Amino acid sequence: MSKVIVIGGGPAGMMSAIAAAKNNEVILIEKNKELGKKLKITGGGRCNITNIRDIEDFLGKIIKNPKFLYSSLYTFTNLDLLEFFKNRGIEFKTEEDYKVYPEKDKSDIIIKALQDELNEVGVKIIYEKTLMDIIVENEEIKGVILDDDYTIKADKVIIATGGHSYPKTGSDGKIHSILKKHGENITKIYPALVPLVFNEDWIKNLQGISLKNVKVSTKYFKNKKISIEGDILFAHFGLTGPVILNLSSYINKYLQDGNIELNFDFVPTITKDEVRKVIRKNSNKSIYNNLKEILPVNFTKHLLEYLNIDKKPNNLTKEEENKIVDSIKELKLNCSGTKSINESIVTSGGISVKSIDSSTMESKTIKNLYYAGEVIDIEGLTGGYNLQIAFSTGYLAGISV
């Protein structure tokens with residue numbers, strides 16, 4: 001029986017340890033006092049565990065290297081994942097955009113089910129130990145070195161330490177420098193699914209205001225175009241919310257070259273002419289009172305203040321009316337950057353997929369070394385995709401060892 005070491009007690013690490021334990025002696029190393037620390041806070045603690053789109057559609061929501069994930073996502077599908085937990089007594093519900101959550105809206109029950117299974121299959125867990133280096137001889141893994149020079153020999157090792165995001169949960173990205181030293185190809189790291197920072201000071205007055213179903217579009221690198229609809233939330237630094245987080249993963253790599261102009265349509269289901277009719281619907285009411293039919297008053301008040309328009313509808317000039325309509329249908333804001341990687345949901349970049357056999361998750365550089373989860377240069381949009389990637393790559397790595 002081979003000895004397998006799994007580094008990292010997140011979803012990828014726990015699933016790979018469970019899968020590997022069927023035929024191996026498995027030791028799981030976790031640097032925290034508990035397993036699943038990042039998993040615990042996903043989806044605001046509700047745990048958006050997966051997305052039940054058909055796998056072909058699912059792959060369309062993967063921004064980086066979707067083809068690499070064919071084997072893992074088809075070997076352990078979203079339906080397989082749900083079946084795994086249903087067999088352990090957990091029920092699920094599906095919400096908008098095919099997002100799946102535990103019926104009880106608690107990530108704790110997911111973590112407990114994984115912990116119980118780890119115990120059931122005999123995985124030994126070592127807490128509060130940090131990986132300092134790996135032992136490689138003749139391009140083959142031989143073990144790991146933990147803090148305090150604690151060395152464990154192994155036949156095979158699975159790295160599932162996560163990326164650089166949310167470092168307080170343990171995924172501080174130090175693994176990439178360790179692996180680079182041993183010849184692995186590490187692609188450039190960027191924050192992904194991260195709030196965006198804007199130049200315009202006036203939008204700071206909108207802090208706390210949320211809008212639903214906003215269409216955000218932009219041109220970026222070499223006239224690439226992207227257009228996404230979803231909810232946004234104004235903040236003191238700029239904007240966040242699902243549509244902004246998703247957009248960030250497309251433009252994050254290009255922001256260092258300068259600002260990127262984003263175009264906002266706050267009512268994409270309504271034409272400009274229809275907005276004009278709403279503005280002038282009741283000439284005795286204020287403009288923002290008329291507009292509350294399609295937009296929140298606290299938003300339109302600040303917008304009119306920014307436009308320096310304080311009139312009744314019947315006193316508006318054509319130019320002023322156009323300014324209001326254009327600001328509602330095609331407001332342009334200059335994005336100057338993203339928040340730091342410490343505030344990003346996932347990491348863009350990591351171990352190059354060219355360095356990994358996608359059918360087994362084994363390194364092409366170091367024999368018997370396997371990878372799973374966010375440590376790899378793969379990333380999906382919000383909506384349960386990244387957690388499914390972690391579980392699927394973890395499972396494939398586990399059965400491959």
# chains A, B, ... in the order shown; residues from 1 in each chain; ligands from 1
call {"tool": "closest_atom_pairs", "arguments": {"of": "stretch 210-282 of chain A", "to": "stretch 49-63 of chain A", "cutoff": "12 Å", "atoms": "only C-alpha atoms", "output": "Markdown table"}}
result
| residue | atom | partner | partner_atom | distance |
| --- | --- | --- | --- | --- |
| A:Asn246 | CA | A:Ile63 | CA | 9.5 |
| A:Leu247 | CA | A:Ile63 | CA | 10.5 |
| A:Ser248 | CA | A:Ile63 | CA | 11.1 |
| A:Ser249 | CA | A:Ile63 | CA | 7.6 |
| A:Tyr250 | CA | A:Ile63 | CA | 7.6 |
| A:Ile251 | CA | A:Ile63 | CA | 11.3 |
call {"tool": "write_last_selection", "arguments": {"atoms": "N, CA and C atoms", "output": "PDB file, in the first residue's frame"}}
result
ATOM      1  N   ASN A 246     -17.505  39.183 -11.734  1.00  0.00           N
ATOM      2  CA  ASN A 246     -17.289  38.406 -12.955  1.00  0.00           C
ATOM      3  C   ASN A 246     -16.513  39.209 -13.997  1.00  0.00           C
ATOM      4  N   LEU A 247     -16.873  40.473 -14.153  1.00  0.00           N
ATOM      5  CA  LEU A 247     -16.187  41.328 -15.126  1.00  0.00           C
ATOM      6  C   LEU A 247     -14.711  41.467 -14.789  1.00  0.00           C
ATOM      7  N   SER A 248     -14.397  41.530 -13.506  1.00  0.00           N
ATOM      8  CA  SER A 248     -13.009  41.717 -13.073  1.00  0.00           C
ATOM      9  C   SER A 248     -12.099  40.611 -13.591  1.00  0.00           C
ATOM     10  N   SER A 249     -12.646  39.403 -13.707  1.00  0.00           N
ATOM     11  CA  SER A 249     -11.826  38.282 -14.149  1.00  0.00           C
ATOM     12  C   SER A 249     -11.453  38.370 -15.626  1.00  0.00           C
ATOM     13  N   TYR A 250     -12.197  39.179 -16.371  1.00  0.00           N
ATOM     14  CA  TYR A 250     -11.857  39.379 -17.784  1.00  0.00           C
ATOM     15  C   TYR A 250     -10.837  40.503 -17.971  1.00  0.00           C
ATOM     16  N   ILE A 251     -10.942  41.548 -17.149  1.00  0.00           N
ATOM     17  CA  ILE A 251     -10.124  42.743 -17.410  1.00  0.00           C
ATOM     18  C   ILE A 251      -8.945  42.918 -16.452  1.00  0.00           C
TER      19      ILE A 251
END
call {"tool": "select_by_dssp", "arguments": {"residues": "stretch 47-237 of chain A", "states": "helix (DSSP H, G or I)", "output": "ChimeraX atom specification"}}
result
/A:55-59,66-75,78-86,96-98,107-120,147-149,167-169,174-181,201-206,221-223
call {"tool": "residues_around", "arguments": {"residues": "A:Ile134", "least_positions_apart": "6", "cutoff": "9 Å", "atoms": "only C-alpha atoms", "output": "ChimeraX atom specification"}}
result
/A:141-146,178-179,182
call {"tool": "write_last_selection", "arguments": {"atoms": "N, CA, C and O atoms", "output": "mmCIF file, in the first residue's frame"}}
result
data_model
loop_
_atom_site.group_PDB
_atom_site.id
_atom_site.type_symbol
_atom_site.label_atom_id
_atom_site.label_comp_id
_atom_site.auth_asym_id
_atom_site.auth_seq_id
_atom_site.Cartn_x
_atom_site.Cartn_y
_atom_site.Cartn_z
ATOM 1 N N ILE A 141 8.972 12.852 -6.684
ATOM 2 C CA ILE A 141 8.662 13.269 -5.317
ATOM 3 C C ILE A 141 8.992 12.146 -4.337
ATOM 4 O O ILE A 141 8.731 10.962 -4.612
ATOM 5 N N LYS A 142 9.584 12.513 -3.200
ATOM 6 C CA LYS A 142 9.942 11.524 -2.177
ATOM 7 C C LYS A 142 9.355 11.851 -0.807
ATOM 8 O O LYS A 142 9.415 11.041 0.111
ATOM 9 N N GLY A 143 8.796 13.062 -0.682
ATOM 10 C CA GLY A 143 8.222 13.428 0.606
ATOM 11 C C GLY A 143 8.088 14.925 0.738
ATOM 12 O O GLY A 143 8.263 15.686 -0.230
ATOM 13 N N VAL A 144 7.795 15.363 1.958
ATOM 14 C CA VAL A 144 7.612 16.794 2.219
ATOM 15 C C VAL A 144 8.354 17.191 3.491
ATOM 16 O O VAL A 144 8.590 16.365 4.383
ATOM 17 N N ILE A 145 8.707 18.476 3.539
ATOM 18 C CA ILE A 145 9.322 19.047 4.741
ATOM 19 C C ILE A 145 8.363 20.088 5.296
ATOM 20 O O ILE A 145 7.992 21.048 4.600
ATOM 21 N N LEU A 146 7.952 19.897 6.535
ATOM 22 C CA LEU A 146 7.047 20.831 7.198
ATOM 23 C C LEU A 146 7.845 21.736 8.121
ATOM 24 O O LEU A 146 9.061 21.604 8.243
ATOM 25 N N ILE A 178 7.719 27.740 -3.839
ATOM 26 C CA ILE A 178 8.356 26.442 -3.564
ATOM 27 C C ILE A 178 8.419 25.608 -4.838
ATOM 28 O O ILE A 178 9.457 25.046 -5.195
ATOM 29 N N LEU A 179 7.312 25.546 -5.552
ATOM 30 C CA LEU A 179 7.242 24.721 -6.764
ATOM 31 C C LEU A 179 8.097 25.288 -7.895
ATOM 32 O O LEU A 179 8.703 24.539 -8.661
ATOM 33 N N HIS A 182 11.519 24.161 -7.866
ATOM 34 C CA HIS A 182 11.715 22.778 -8.324
ATOM 35 C C HIS A 182 11.396 22.610 -9.815
ATOM 36 O O HIS A 182 11.239 21.482 -10.292
#
call {"tool": "closest_atom_pairs", "arguments": {"of": "stretch 176-284 of chain A", "to": "stretch 300-304 of chain A", "cutoff": "12 Å", "atoms": "only C-alpha atoms", "output": "CSV"}}
result
residue,atom,partner,partner_atom,distance
A:Trp202,CA,A:His302,CA,8.5
A:Ile203,CA,A:His302,CA,8.4
A:Lys204,CA,A:His302,CA,10.1
A:Asn205,CA,A:His302,CA,7.2
A:Leu206,CA,A:His302,CA,7.0
A:Gln207,CA,A:His302,CA,10.6
A:Ile209,CA,A:His302,CA,10.5
A:Leu211,CA,A:Thr300,CA,11.3
A:Phe266,CA,A:Thr300,CA,10.8
A:Ile279,CA,A:Thr300,CA,11.1
call {"tool": "closest_residue", "arguments": {"among": "A:Val375, A:Val325, A:Leu381, A:Ile287", "to": "A:Pro242", "atoms": "only C-alpha atoms"}}
result
A:Leu381
